[in-house]
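Text of start_17.txt (compact mmCIF, C-alpha atoms) as supplied:
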```
# COMPACT_ATOMS: atom_id res chain seq x y z
CA MET V 1 122.14 123.33 74.02
CA ARG V 2 124.72 120.69 73.06
CA THR V 3 125.27 119.90 76.76
CA ILE V 4 121.52 119.48 77.35
CA VAL V 5 121.14 117.20 74.31
CA SER V 6 124.10 115.08 75.45
CA PHE V 7 122.62 114.78 78.93
CA VAL V 8 119.21 113.70 77.58
CA LEU V 9 120.75 111.15 75.22
CA ALA V 10 122.86 109.73 78.05
CA ALA V 11 119.79 109.42 80.28
CA MET V 12 117.83 107.67 77.49
CA THR V 13 120.71 105.24 76.98
CA VAL V 14 120.77 104.39 80.69
CA LEU V 15 116.98 103.94 80.72
CA THR V 16 116.94 101.64 77.69
CA SER V 17 119.85 99.59 79.01
CA ALA V 18 118.29 99.18 82.45
CA ASN V 19 114.89 97.96 81.24
CA ASN V 20 116.54 95.57 78.77
CA ALA V 21 119.11 94.34 81.28
CA PRO V 22 119.38 90.54 81.41
CA ASP V 23 119.34 90.68 85.22
CA TRP V 24 116.11 92.74 85.43
CA PRO V 25 114.38 93.12 87.89
CA PHE V 26 117.60 92.76 89.90
CA ASP V 27 119.42 95.34 87.76
CA ILE V 28 121.37 97.89 89.80
CA THR V 29 121.03 101.64 89.29
CA GLU V 30 123.38 103.96 91.16
CA ILE V 31 122.77 107.63 91.82
CA LYS V 32 125.27 110.07 93.38
CA ALA V 33 125.15 113.60 94.73
CA PRO V 34 127.55 115.89 92.83
CA ASP V 35 129.40 116.83 96.04
CA GLY V 36 130.08 113.17 96.93
CA SER V 37 128.16 113.42 100.21
CA ILE V 38 125.77 110.55 99.47
CA SER V 39 125.29 107.75 96.94
CA ALA V 40 122.64 105.07 96.64
CA LYS V 41 121.96 101.89 94.70
CA PHE V 42 118.53 100.54 93.78
CA VAL V 43 117.07 97.52 92.00
CA SER V 44 113.85 97.35 90.00
CA ILE V 45 112.16 94.70 92.14
CA GLY V 46 110.22 96.67 94.72
CA ALA V 47 112.01 99.91 93.67
CA THR V 48 114.32 98.74 96.45
CA LEU V 49 117.25 100.56 98.05
CA THR V 50 120.17 98.11 98.32
CA GLU V 51 123.06 100.36 99.41
CA LEU V 52 123.26 103.85 100.90
CA TRP V 53 126.70 105.39 101.43
CA VAL V 54 127.13 108.48 103.62
CA LYS V 55 130.11 110.09 105.36
CA ASP V 56 130.91 109.45 109.02
CA LYS V 57 132.60 111.91 111.43
CA PHE V 58 135.98 110.88 110.06
CA GLY V 59 134.98 111.63 106.48
CA ARG V 60 134.78 107.94 105.54
CA ALA V 61 131.79 106.54 103.65
CA ARG V 62 129.72 103.79 105.27
CA ASP V 63 126.84 101.72 103.86
CA VAL V 64 124.15 102.32 106.50
CA VAL V 65 121.34 100.03 105.25
CA LEU V 66 120.99 96.26 105.55
CA GLY V 67 120.46 93.99 102.56
CA TYR V 68 121.79 91.11 100.47
CA ASP V 69 124.86 90.70 98.31
CA ASN V 70 122.69 88.55 96.02
CA ASN V 71 119.64 90.70 95.31
CA THR V 72 117.62 87.76 93.95
CA ASN V 73 117.06 86.97 97.63
CA LEU V 74 114.68 89.91 97.74
CA LEU V 75 112.26 87.61 95.92
CA THR V 76 113.28 84.16 97.12
CA ASP V 77 114.36 84.45 100.78
CA PRO V 78 111.69 82.60 102.81
CA ASN V 79 112.52 84.79 105.83
CA HIS V 80 111.26 87.79 103.83
CA PRO V 81 112.57 90.58 106.08
CA VAL V 82 111.41 93.23 103.55
CA PHE V 83 114.77 94.96 103.08
CA ASN V 84 114.25 98.60 102.02
CA PRO V 85 111.55 98.48 99.29
CA ILE V 86 108.39 100.44 98.59
CA VAL V 87 105.68 98.46 100.40
CA GLY V 88 102.05 98.34 99.19
CA ARG V 89 99.28 98.27 98.13
CA TYR V 90 98.54 98.34 101.87
CA ALA V 91 101.56 98.45 104.16
CA ASN V 92 101.83 97.09 107.67
CA ARG V 93 98.96 94.97 109.03
CA LEU V 94 95.41 94.39 107.85
CA LYS V 95 93.06 92.62 110.26
CA ASN V 96 91.78 89.24 109.03
CA GLY V 97 92.98 90.06 105.51
CA THR V 98 89.70 91.84 104.80
CA PHE V 99 88.27 95.31 104.35
CA SER V 100 84.98 96.87 103.27
CA ILE V 101 84.14 99.83 101.08
CA PRO V 102 82.67 101.86 102.78
CA ILE V 103 84.90 100.90 105.72
CA ARG V 104 83.53 99.22 108.84
CA LYS V 105 84.83 98.15 112.22
CA ASP V 106 84.14 94.51 111.40
CA ASP V 107 83.72 92.88 108.00
CA PRO V 108 80.80 90.41 107.60
CA PRO V 109 82.23 87.28 105.96
CA ASN V 110 79.75 86.99 103.08
CA ASP V 111 79.02 90.63 102.36
CA PRO V 112 79.56 91.59 98.67
CA ASN V 113 81.28 94.82 99.77
CA VAL V 114 84.00 92.88 101.63
CA TYR V 115 87.35 92.23 99.90
CA HIS V 116 89.57 89.32 100.87
CA ILE V 117 93.37 89.58 100.69
CA PRO V 118 95.64 86.55 101.27
CA THR V 119 96.85 86.36 104.87
CA ASN V 120 100.53 85.78 105.68
CA ASP V 121 101.05 86.58 109.36
CA HIS V 122 99.88 85.58 112.85
CA ASN V 123 98.60 82.14 111.85
CA GLY V 124 96.41 83.39 109.03
CA GLN V 125 94.74 86.17 110.99
CA VAL V 126 96.64 89.08 109.44
CA THR V 127 97.75 90.33 106.03
CA LEU V 128 101.20 91.89 106.31
CA HIS V 129 102.64 94.39 103.80
CA GLY V 130 100.14 93.86 101.01
CA GLY V 131 99.81 90.07 100.86
CA ILE V 132 101.88 87.15 99.64
CA TYR V 133 103.35 89.16 96.77
CA GLY V 134 103.08 92.81 97.74
CA TRP V 135 104.75 95.66 95.90
CA ASP V 136 108.12 94.77 97.42
CA ARG V 137 108.13 91.51 95.43
CA ARG V 138 106.73 92.95 92.20
CA ASN V 139 108.74 94.02 89.15
CA TRP V 140 108.94 97.77 88.66
CA THR V 141 110.36 99.40 85.52
CA ILE V 142 112.57 102.46 85.16
CA VAL V 143 110.81 105.33 83.40
CA SER V 144 113.44 108.02 83.94
CA CYS V 145 117.00 108.19 85.19
CA THR V 146 119.63 110.90 85.73
CA PRO V 147 122.94 110.85 87.62
CA THR V 148 121.08 111.97 90.77
CA SER V 149 117.59 110.49 90.40
CA VAL V 150 115.70 107.40 89.28
CA THR V 151 111.95 106.90 88.82
CA TYR V 152 110.27 103.48 88.80
CA LYS V 153 106.76 102.59 87.64
CA HIS V 154 104.55 99.75 88.87
CA LEU V 155 101.13 98.66 87.64
CA ASP V 156 99.19 96.79 90.30
CA ALA V 157 96.48 95.10 88.21
CA ALA V 158 94.09 94.14 91.01
CA ASP V 159 96.88 92.01 92.54
CA GLU V 160 96.29 90.06 95.75
CA GLY V 161 92.54 90.65 95.51
CA PHE V 162 92.54 94.44 95.85
CA PRO V 163 89.90 96.23 93.74
CA GLY V 164 90.84 98.02 90.53
CA ASN V 165 94.22 98.93 89.10
CA VAL V 166 96.75 101.19 90.78
CA THR V 167 99.61 102.82 88.88
CA ALA V 168 102.47 104.01 91.05
CA TYR V 169 105.60 106.06 90.34
CA ALA V 170 108.42 106.02 92.92
CA THR V 171 111.20 108.58 92.57
CA HIS V 172 114.45 108.39 94.52
CA THR V 173 116.71 111.46 94.49
CA VAL V 174 120.01 112.33 96.15
CA SER V 175 121.34 115.88 96.44
CA ASN V 176 124.22 117.88 97.80
CA GLY V 177 124.57 118.09 101.54
CA GLY V 178 123.72 114.43 102.11
CA THR V 179 120.00 114.27 101.29
CA LEU V 180 117.91 111.33 100.10
CA LYS V 181 114.31 111.97 99.07
CA THR V 182 111.79 109.34 98.05
CA SER V 183 108.33 110.21 96.75
CA VAL V 184 105.51 108.04 95.45
CA HIS V 185 102.53 109.15 93.37
CA ALA V 186 99.71 106.65 92.80
CA THR V 187 96.41 106.71 90.91
CA ALA V 188 93.53 104.23 91.13
CA THR V 189 90.88 103.16 88.61
CA GLN V 190 88.28 102.48 91.31
CA LYS V 191 87.85 102.84 95.04
CA THR V 192 90.61 101.06 96.94
CA PRO V 193 92.60 101.47 100.14
CA ILE V 194 96.20 102.61 99.61
CA MET V 195 98.76 102.93 102.40
CA LEU V 196 102.45 102.77 101.55
CA THR V 197 105.81 102.92 103.29
CA GLN V 198 109.52 102.68 102.59
CA HIS V 199 110.79 99.85 104.80
CA ILE V 200 114.44 100.78 105.38
CA TYR V 201 116.57 98.94 107.93
CA TRP V 202 119.22 101.25 109.42
CA ASN V 203 122.51 100.65 111.19
CA LEU V 204 124.44 103.91 111.25
CA ASP V 205 127.66 102.24 112.42
CA ALA V 206 127.58 99.86 109.43
CA PHE V 207 128.82 97.09 111.78
CA GLN V 208 132.23 98.74 112.17
CA ASP V 209 134.19 99.59 115.33
CA GLY V 210 132.92 96.45 117.05
CA GLN V 211 129.27 97.55 116.87
CA THR V 212 126.73 94.77 116.24
CA ASP V 213 123.38 96.34 117.24
CA VAL V 214 121.52 99.64 117.37
CA LEU V 215 120.73 99.76 121.09
CA GLY V 216 123.19 102.63 121.48
CA HIS V 217 121.69 104.64 118.62
CA HIS V 218 119.87 107.80 119.70
CA LEU V 219 116.21 108.09 118.64
CA GLN V 220 113.85 111.03 118.77
CA VAL V 221 110.22 110.82 117.61
CA SER V 222 107.88 113.83 117.71
CA GLY V 223 104.84 111.81 118.71
CA SER V 224 102.95 111.76 122.02
CA ARG V 225 100.64 108.87 121.07
CA VAL V 226 101.23 105.25 120.07
CA LEU V 227 98.61 102.93 118.63
CA ALA V 228 97.47 100.33 121.18
CA LEU V 229 97.69 96.79 119.76
CA ASP V 230 95.99 93.46 120.35
CA GLY V 231 97.75 90.08 120.46
CA ASN V 232 98.02 90.02 116.66
CA ALA V 233 99.68 93.46 116.54
CA ILE V 234 96.44 94.94 115.17
CA PRO V 235 95.28 98.34 116.49
CA THR V 236 92.47 98.14 119.00
CA GLY V 237 91.32 101.66 118.14
CA ASP V 238 92.79 103.12 121.32
CA PHE V 239 95.90 105.26 121.78
CA ILE V 240 98.64 105.11 124.40
CA ASN V 241 99.83 108.40 125.86
CA VAL V 242 103.62 108.03 125.84
CA THR V 243 104.21 110.22 128.90
CA GLY V 244 106.11 108.26 131.53
CA THR V 245 106.24 105.11 129.38
CA VAL V 246 108.81 103.11 127.45
CA PHE V 247 107.42 104.76 124.28
CA ASP V 248 108.43 108.32 125.13
CA PHE V 249 111.08 109.42 122.62
CA ARG V 250 109.94 113.04 122.36
CA THR V 251 113.17 113.86 124.11
CA GLU V 252 116.11 111.92 122.67
CA GLN V 253 116.81 108.52 124.23
CA THR V 254 119.03 105.66 123.16
CA ILE V 255 116.94 102.82 121.75
CA GLY V 256 118.17 100.58 124.58
CA ALA V 257 117.68 103.13 127.38
CA ARG V 258 114.68 101.27 128.85
CA TRP V 259 115.42 97.92 127.33
CA ASN V 260 114.41 95.89 130.40
CA GLU V 261 110.88 97.24 129.96
CA THR V 262 110.56 95.99 126.37
CA VAL V 263 110.31 92.25 127.14
CA ASP V 264 107.18 90.95 125.33
CA LEU V 265 106.42 94.51 124.22
CA CYS V 266 106.44 93.56 120.52
CA GLY V 267 104.58 90.29 121.13
CA PRO V 268 105.02 87.14 123.22
CA GLY V 269 108.71 86.27 123.40
CA CYS V 270 109.67 89.40 121.45
CA ARG V 271 111.87 92.05 123.00
CA GLY V 272 112.01 95.54 121.57
CA TYR V 273 109.73 97.83 119.58
CA ASP V 274 107.33 97.20 116.71
CA HIS V 275 104.85 100.04 117.13
CA ALA V 276 103.37 103.05 115.37
CA TRP V 277 103.76 106.57 116.76
CA ILE V 278 101.31 109.26 115.66
CA TYR V 279 103.07 112.51 114.90
CA ASP V 280 101.97 115.58 116.84
CA GLU V 281 102.50 118.07 114.00
CA PRO V 282 101.01 118.22 110.49
CA ALA V 283 102.85 117.08 107.39
CA PHE V 284 106.18 118.71 106.49
CA THR V 285 106.35 120.88 109.62
CA GLY V 286 109.94 120.24 110.60
CA THR V 287 111.73 117.08 111.61
CA LYS V 288 109.52 114.13 112.49
CA THR V 289 112.09 111.50 113.46
CA SER V 290 115.83 111.63 114.09
CA LEU V 291 118.39 108.85 114.50
CA TRP V 292 122.12 109.13 115.20
CA SER V 293 125.13 107.24 116.47
CA ASP V 294 127.90 108.59 118.68
CA VAL V 295 130.26 105.94 117.30
CA SER V 296 130.12 106.84 113.61
CA GLY V 297 128.77 110.34 114.14
CA ILE V 298 126.20 109.74 111.39
CA ARG V 299 122.81 111.34 111.92
CA PHE V 300 119.68 111.71 109.83
CA ASP V 301 116.54 113.78 110.28
CA ILE V 302 113.32 112.79 108.54
CA SER V 303 110.59 115.10 107.29
CA SER V 304 107.50 113.49 105.77
CA ASN V 305 103.94 114.06 104.64
CA GLN V 306 102.85 110.95 106.53
CA PRO V 307 101.00 111.10 109.87
CA ALA V 308 102.71 108.14 111.57
CA VAL V 309 105.95 106.19 111.87
CA GLN V 310 106.46 102.50 112.62
CA VAL V 311 109.63 101.75 114.58
CA TYR V 312 110.73 98.10 114.44
CA THR V 313 113.91 97.00 116.21
CA ALA V 314 114.25 93.85 114.11
CA TYR V 315 113.85 91.17 116.77
CA TRP V 316 113.20 88.45 114.19
CA LEU V 317 116.29 89.01 112.03
CA ASP V 318 118.70 86.09 111.55
CA LEU V 319 120.33 85.90 108.13
CA PRO V 320 123.76 86.51 106.59
CA ARG V 321 125.12 90.04 106.45
CA LYS V 322 126.39 91.74 103.32
CA VAL V 323 130.16 91.38 102.84
CA VAL V 324 130.62 95.09 103.55
CA HIS V 325 129.00 94.45 106.94
CA GLY V 326 131.22 91.47 107.80
CA GLY V 327 129.21 88.74 106.08
CA PRO V 328 128.48 86.15 105.07
CA LYS V 329 130.14 84.40 108.04
CA LEU V 330 128.39 86.80 110.41
CA ASN V 331 124.61 87.23 110.55
CA TYR V 332 122.24 90.11 110.99
CA THR V 333 120.53 89.15 114.26
CA SER V 334 118.03 90.62 116.72
CA TRP V 335 118.42 94.39 117.13
CA SER V 336 121.08 94.59 114.39
CA ALA V 337 119.05 97.40 112.86
CA VAL V 338 116.01 99.58 113.28
CA ALA V 339 113.38 99.97 110.57
CA ILE V 340 111.80 103.42 110.57
CA GLU V 341 108.71 103.43 108.34
CA GLN V 342 106.85 106.62 107.44
CA GLU V 343 103.23 105.63 106.89
CA GLY V 344 99.56 106.24 107.53
CA TYR V 345 97.47 105.04 110.46
CA LEU V 346 97.79 101.27 110.22
CA ASP V 347 94.57 99.31 109.70
CA ALA V 348 92.58 102.54 109.61
CA VAL V 349 90.13 100.72 107.33
CA HIS V 350 88.85 98.95 110.47
CA ASN V 351 88.72 102.04 112.66
CA PRO V 352 86.18 104.45 111.15
CA GLU V 353 86.02 106.32 114.49
CA TRP V 354 89.46 107.79 113.70
CA GLY V 355 88.06 109.72 110.75
CA VAL V 356 91.06 108.72 108.59
CA ASP V 357 90.23 108.29 104.91
CA GLN V 358 92.56 105.84 103.14
CA ILE V 359 90.24 105.11 100.20
CA TYR V 360 91.49 106.46 96.84
CA TYR V 361 89.77 106.59 93.46
CA PRO V 362 89.82 108.47 90.14
CA GLY V 363 90.23 112.13 91.03
CA ARG V 364 91.71 111.40 94.48
CA ASN V 365 95.35 110.44 94.09
CA PHE V 366 97.75 109.11 96.71
CA GLU V 367 100.98 110.93 97.60
CA TRP V 368 103.82 109.70 99.84
CA SER V 369 107.02 111.65 100.42
CA SER V 370 109.90 111.47 102.89
CA THR V 371 113.25 113.27 103.02
CA TYR V 372 116.27 111.93 104.92
CA LYS V 373 118.83 114.67 105.69
CA PHE V 374 122.20 113.31 106.79
CA SER V 375 124.72 115.18 108.88
CA VAL V 376 127.44 114.60 111.48
CA ALA V 377 126.29 114.50 115.10
CA HIS V 378 128.27 116.59 117.56
```
Could the structure of this file be written out as structure tokens, please?
Amino acid sequence: MRTIVSFVLAAMTVLTSANNAPDWPFDITEIKAPDGSISAKFVSIGATLTELWVKDKFGRARDVVLGYDNNTNLLTDPNHPVFNPIVGRYANRLKNGTFSIPIRKDDPPNDPNVYHIPTNDHNGQVTLHGGIYGWDRRNWTIVSCTPTSVTYKHLDAADEGFPGNVTAYATHTVSNGGTLKTSVHATATQKTPIMLTQHIYWNLDAFQDGQTDVLGHHLQVSGSRVLALDGNAIPTGDFINVTGTVFDFRTEQTIGARWNETVDLCGPGCRGYDHAWIYDEPAFTGTKTSLWSDVSGIRFDISSNQPAVQVYTAYWLDLPRKVVHGGPKLNYTSWSAVAIEQEGYLDAVHNPEWGVDQIYYPGRNFEWSSTYKFSVAH
């Protein structure tokens, strides 16, 4: 009993200190697995992952996620790469910055059932990652903390023009054997679309051993369909069968295996991937996506309750690296990392023919969960 009381008091002390920290919301919380296999650091703004240390094939720890040394840049950097936060209230892209409830293919401009969200992408034709100040640039607060887990709370009070309030709890947990799990539970006060993701940028070599990009990383995605996109990277409603195409990662391929075929694939002048794969299997039925490097030997396998994954090979990156990655004299540049985002069908609110319901309300809560299991590739 004395041990339990001491543990609870210690957790309460950490919680009080964190929420009263003078550097909040850029206060750092570190969690570690008891066996030393994995440790992670987070800040309150965006419930954002800032460092993730796992063991390579030599037994050395490497920080495998991109980020800043000065975490205030998460709020102020005009490049806004969205380094590793919880993204919402509606992740990825929203056509014309509008939606209707009930949903429709096209939103009449003056209809009272149409909601307007600030646009911030593709010359004002798209809302990206929840608006000007999405959840990644909002201040979350710590509601519980242990040596292996931290839970953040965010109240979205009709921000960015979305209807009603949404209360979200994001819990990050590390455990023995090299596992990171993030889960988000959200409730709404009235009908609203909710679609979230965790926008982590990965480089499993951590910019060591002369490695500067992820084109040699191995990728496997258990999806036989990709969403077809228009010129604004908005789904057309159609699907691409990946068989025989540059999108086929059902059998492991290096990211750069068909690199010559990716010119303009992610938009005019953009080389690489920025697309959503639809998983073939239901939620939590085995591994959905795997990524590994022969150089470091680091591998992770993702299981998730989400039906899709966005893979972005970071063409537009150009900003200073963290010191641990060789910065600030060296920059993160195109293809320095790959973002792998577990999410719902993007812009489903404009594709009623899919039969995907992303509208939540009192009595219908939103749940997002993904587990990253690290190991050594052989």
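If you measure from each of V:Leu180, V:Val263, V:Ala188, V:Ile298 to Ser39 of chain V using all atoms listed in the file, the closest one turns out to be V:Leu180.
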task = Quick one: everything within 9 Å of Gly177 of chain V, counting all atoms listed in the file, minus sequence neighbours fewer than 3 positions away in the same chain. Send it as a ChimeraX atom specification.
result = /V:33,35-38,373-375
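Counting all atoms listed in the file and comparing V:Gly161, V:Gly326, V:Pro81, V:Pro147, the residue that lies closest to Ile31 of chain V is V:Pro147.
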Counting only C-alpha atoms, the residue among V:Asn365, V:Asn203, V:Gly59, V:Thr371 that lies closest to Thr189 of chain V is V:Asn365
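Shortest separation to Phe26 of chain V among V:Asp69, V:Glu261, V:Asp156, V:Asp301 occurs at residue V:Asp69, atoms counted being all atoms listed in the file.
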With distances taken over only C-alpha atoms, the candidate from V:Ser100, V:Thr182, V:Asn92, V:Asn260 nearest Ser304 of chain V is V:Thr182
Q | Spatial neighbours of Thr192 of chain V, max dist 6 Å, all atoms listed in the file, sep filter under 4 positions, as number ranges by chain | A | V: 163, 359-360
Segment 106-113 of chain V environment, 9 Å, all atoms listed in the file, sequence neighbours closer than 6 positions dropped, as a CSV table (one decimal) with C-alpha atoms, in the coordinates of the input:
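What follows is the written file out_31.csv:
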```csv
chain,number,residue,atom,x,y,z
V,96,ASN,CA,91.8,89.2,109.0
V,98,THR,CA,89.7,91.8,104.8
V,99,PHE,CA,88.3,95.3,104.4
V,100,SER,CA,85.0,96.9,103.3
V,350,HIS,CA,88.8,99.0,110.5
V,351,ASN,CA,88.7,102.0,112.7
```
Using all atoms listed in the file, determine which residues lie at most 8 Å from Tyr273 of chain V, disregarding the query and same-chain residues fewer than 2 positions distant; provide the list as a ChimeraX atom specification. /V:262,265-266,271,275,311-313
In Å and to one decimal, atom CA of Gln198 of chain V is distant from atom CA of Glu341 of chain V by 5.9 Å
Neighbours of Tyr152 of chain V within 12 Å (all atoms listed in the file; same-chain residues fewer than 5 positions away dropped), as a PDB file with C-alpha atoms, keeping the file's coordinate frame?
```
ATOM      1  CA  LEU V  15     116.980 103.940  80.720  1.00  0.00           C
ATOM      2  CA  ALA V  18     118.290  99.180  82.450  1.00  0.00           C
ATOM      3  CA  ASN V  19     114.890  97.960  81.240  1.00  0.00           C
ATOM      4  CA  PRO V  25     114.380  93.120  87.890  1.00  0.00           C
ATOM      5  CA  THR V  29     121.030 101.640  89.290  1.00  0.00           C
ATOM      6  CA  PHE V  42     118.530 100.540  93.780  1.00  0.00           C
ATOM      7  CA  VAL V  43     117.070  97.520  92.000  1.00  0.00           C
ATOM      8  CA  SER V  44     113.850  97.350  90.000  1.00  0.00           C
ATOM      9  CA  ILE V  45     112.160  94.700  92.140  1.00  0.00           C
ATOM     10  CA  GLY V  46     110.220  96.670  94.720  1.00  0.00           C
ATOM     11  CA  ALA V  47     112.010  99.910  93.670  1.00  0.00           C
ATOM     12  CA  THR V  48     114.320  98.740  96.450  1.00  0.00           C
ATOM     13  CA  LEU V  49     117.250 100.560  98.050  1.00  0.00           C
ATOM     14  CA  PRO V  85     111.550  98.480  99.290  1.00  0.00           C
ATOM     15  CA  ILE V  86     108.390 100.440  98.590  1.00  0.00           C
ATOM     16  CA  TRP V 135     104.750  95.660  95.900  1.00  0.00           C
ATOM     17  CA  ARG V 138     106.730  92.950  92.200  1.00  0.00           C
ATOM     18  CA  ASN V 139     108.740  94.020  89.150  1.00  0.00           C
ATOM     19  CA  TRP V 140     108.940  97.770  88.660  1.00  0.00           C
ATOM     20  CA  THR V 141     110.360  99.400  85.520  1.00  0.00           C
ATOM     21  CA  ILE V 142     112.570 102.460  85.160  1.00  0.00           C
ATOM     22  CA  VAL V 143     110.810 105.330  83.400  1.00  0.00           C
ATOM     23  CA  SER V 144     113.440 108.020  83.940  1.00  0.00           C
ATOM     24  CA  CYS V 145     117.000 108.190  85.190  1.00  0.00           C
ATOM     25  CA  THR V 167      99.610 102.820  88.880  1.00  0.00           C
ATOM     26  CA  ALA V 168     102.470 104.010  91.050  1.00  0.00           C
ATOM     27  CA  TYR V 169     105.600 106.060  90.340  1.00  0.00           C
ATOM     28  CA  ALA V 170     108.420 106.020  92.920  1.00  0.00           C
ATOM     29  CA  THR V 171     111.200 108.580  92.570  1.00  0.00           C
ATOM     30  CA  HIS V 172     114.450 108.390  94.520  1.00  0.00           C
ATOM     31  CA  THR V 173     116.710 111.460  94.490  1.00  0.00           C
ATOM     32  CA  THR V 182     111.790 109.340  98.050  1.00  0.00           C
ATOM     33  CA  SER V 183     108.330 110.210  96.750  1.00  0.00           C
ATOM     34  CA  VAL V 184     105.510 108.040  95.450  1.00  0.00           C
ATOM     35  CA  HIS V 185     102.530 109.150  93.370  1.00  0.00           C
ATOM     36  CA  ALA V 186      99.710 106.650  92.800  1.00  0.00           C
TER      37      ALA V 186
END
```
Using only C-alpha atoms, the best pick from V:Val65, V:Ile194, V:Val323, V:Ala276 as closest to Gly223 of chain V would be V:Ala276
